[in-house]
Structures are given as structure tokens and as C-alpha cells.
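What follows is a set of notes on a single structure, which appears directly below.
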Amino acid sequence: MKTDQKNMDDFWDDLLKTSPIKLDIAKVKKIYLSKISIDYEIMELVEKIKNNGYRLAIMANELKEAMDYKIRKFSLDKYFDRIYSSAHQKIPKPELEIYRHIIKDLGVKAEETLFIDNKEKNLIPAQNIGIQTILFKSQKELEEDLKKLGISCN
């Protein structure tokens with residue numbers, strides 16, 4: 001699903017077929033969408049960084065429908081210059097090609113790019129092509145790591 005070989009409708013159909021109980025898919029979809037959330041403190045940090053003149057992009061291993069929903073629900077295009085998802089690009093993290101695709105699309109050099117992710121396995125391919133990386137553990141640690149790189153969070 002994260003590379004768009006199956007979509008959200010396929011998922012719901014599979015769920016209906018395999019569930020041992022009768023489901024009202026409309027209700028299940030509504031509950032699913034209501035559970036999609038965002039960390040507003042992190043988004044405040046993202047906004048500060050953007051306001052300091054940095055170009056920002058996001059890459060998520062995500063279904064098209066879910067990513068499009070998140071973009072609308074949280075106005076992600078307000079914060080990010082480009083938004084990528086594995087389903088839209090048909091390449092998931094940590095495939096090396098997604099990192100190459102993004103830096104080419106952004107028109108930046110790998111060594112001028114910083115990639116932040118909460119999974120170490122997603123950082124390794126980025127590092128292998130010269131992208132600087134930060135393993136996200138907490139907002140406080142992220143702010144400290146950014147400060148060490150000379151990136152202002154104020």
C-alpha cells in the first residue's frame with residue numbers, strides 16, 4: 001500500500017472480507033480519519049525553522065489517500081515547500097532511490113541537505129549519499145542537534 005500497489009479502498013475491501021464481525025465501513029473510516037493526529041509543538045518548531053529562511057520538505061511512507069487527507073487537515077503545504085509520500089512517488093523509505101529523487105527534485109546537493117527521521121534504518125541510505133542526518137528522539141534533543149548545526153529554532 002505504501003507504494004500504491006494497493007489503495008485505501010482495497011484495504012477496506014480486504015478488511016470487510018477478513019473480519020470475523022460485520023463492519024460498517026463508513027463508521028470505521030470515520031474513526032480511522034479521526035485518529036490521524038499531528039504533534040503541534042513539532043509543527044511550531046517547523047514553522048520557526050521555515051520562518052528563518054530554510055526550505056523544508058517532508059517525506060512519509062504513506063498511502064495517497066492518507067497523505068492527501070493529512071495535507072488538507074493540517075495545512076501541511078503551509079509549512080513545507082514540497083511534500084512527498086511513498087505512494088505518490090512509488091518508492092518507500094529506506095530505498096536509496098527516494099533520497100536521490102528528492103534531492104534532484106529540490107535541486108539541492110546531498111551535502112546541503114539535512115534529513116530528520118525517527119527510524120535509524122531510514123537515515124542510513126541518506127548518509128550513504130552524503131546527506132546530513134538527525135535521528136529524532138524528542139523535540140528537546142532535536143532542537144539541541146539543530147543548534148549544533150547552526151540552525152536557529154527561534
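Going by the C-alpha cells order, chains are called A, B, ..., each with residues numbered from 1, while ligands are numbered from 1 in the order shown.
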
Segment 75-85 of chain A environment, 12 Å, only C-alpha atoms, sequence neighbours closer than 5 positions dropped, as a ChimeraX atom specification
/A:1-4,38,40,42-51,53-70,90-93,98-99,101-103,105-107

If we count only C-alpha atoms and set the cut-off at 12 Å, which residues sit around Leu23 of chain A, ignoring sequence neighbours fewer than 6 positions away in its own chain? Please answer as a PyMOL selection string.
chain A and resi 12-17+29

Print the selection's residues with N, CA and C atoms to a file, as a JSON list (two decimals), in the first residue's frame.
```json
[["chain", "number", "residue", "atom", "x", "y", "z"],
["A", 12, "TRP", "N", -9.95, -1.41, 2.72],
["A", 12, "TRP", "CA", -11.27, -1.55, 3.34],
["A", 12, "TRP", "C", -11.97, -2.81, 2.83],
["A", 13, "ASP", "N", -11.83, -3.09, 1.53],
["A", 13, "ASP", "CA", -12.43, -4.31, 0.98],
["A", 13, "ASP", "C", -11.83, -5.56, 1.64],
["A", 14, "ASP", "N", -10.50, -5.57, 1.79],
["A", 14, "ASP", "CA", -9.85, -6.71, 2.44],
["A", 14, "ASP", "C", -10.31, -6.86, 3.89],
["A", 15, "LEU", "N", -10.45, -5.72, 4.56],
["A", 15, "LEU", "CA", -10.90, -5.75, 5.95],
["A", 15, "LEU", "C", -12.30, -6.36, 6.06],
["A", 16, "LEU", "N", -13.20, -5.93, 5.18],
["A", 16, "LEU", "CA", -14.56, -6.48, 5.18],
["A", 16, "LEU", "C", -14.55, -7.99, 4.94],
["A", 17, "LYS", "N", -13.71, -8.44, 4.02],
["A", 17, "LYS", "CA", -13.66, -9.86, 3.66],
["A", 17, "LYS", "C", -13.08, -10.71, 4.79],
["A", 29, "LYS", "N", -14.10, 4.00, 8.70],
["A", 29, "LYS", "CA", -13.32, 5.05, 8.02],
["A", 29, "LYS", "C", -13.34, 6.34, 8.81]]
```

What parts of segment 2-148 of chain A does DSSP call strand (DSSP E)? I'd like the answer as a PyMOL selection string.
chain A and resi 57-60+82-85+114-117+132-135

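Atom pair atom CA of Asn128 of chain A / atom CA of Phe115 of chain A: separated by 12.2 Å.
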
Please, what distance in Å, to one decimal, runs between atom CA of Gly130 of chain A and atom CA of Asp39 of chain A?
28.8 Å

Here is a test: counting only C-alpha atoms, which residue of A:Lys121, A:Lys35, A:Lys73, A:Lys109 is nearest to Glu95 of chain A?
A:Lys121
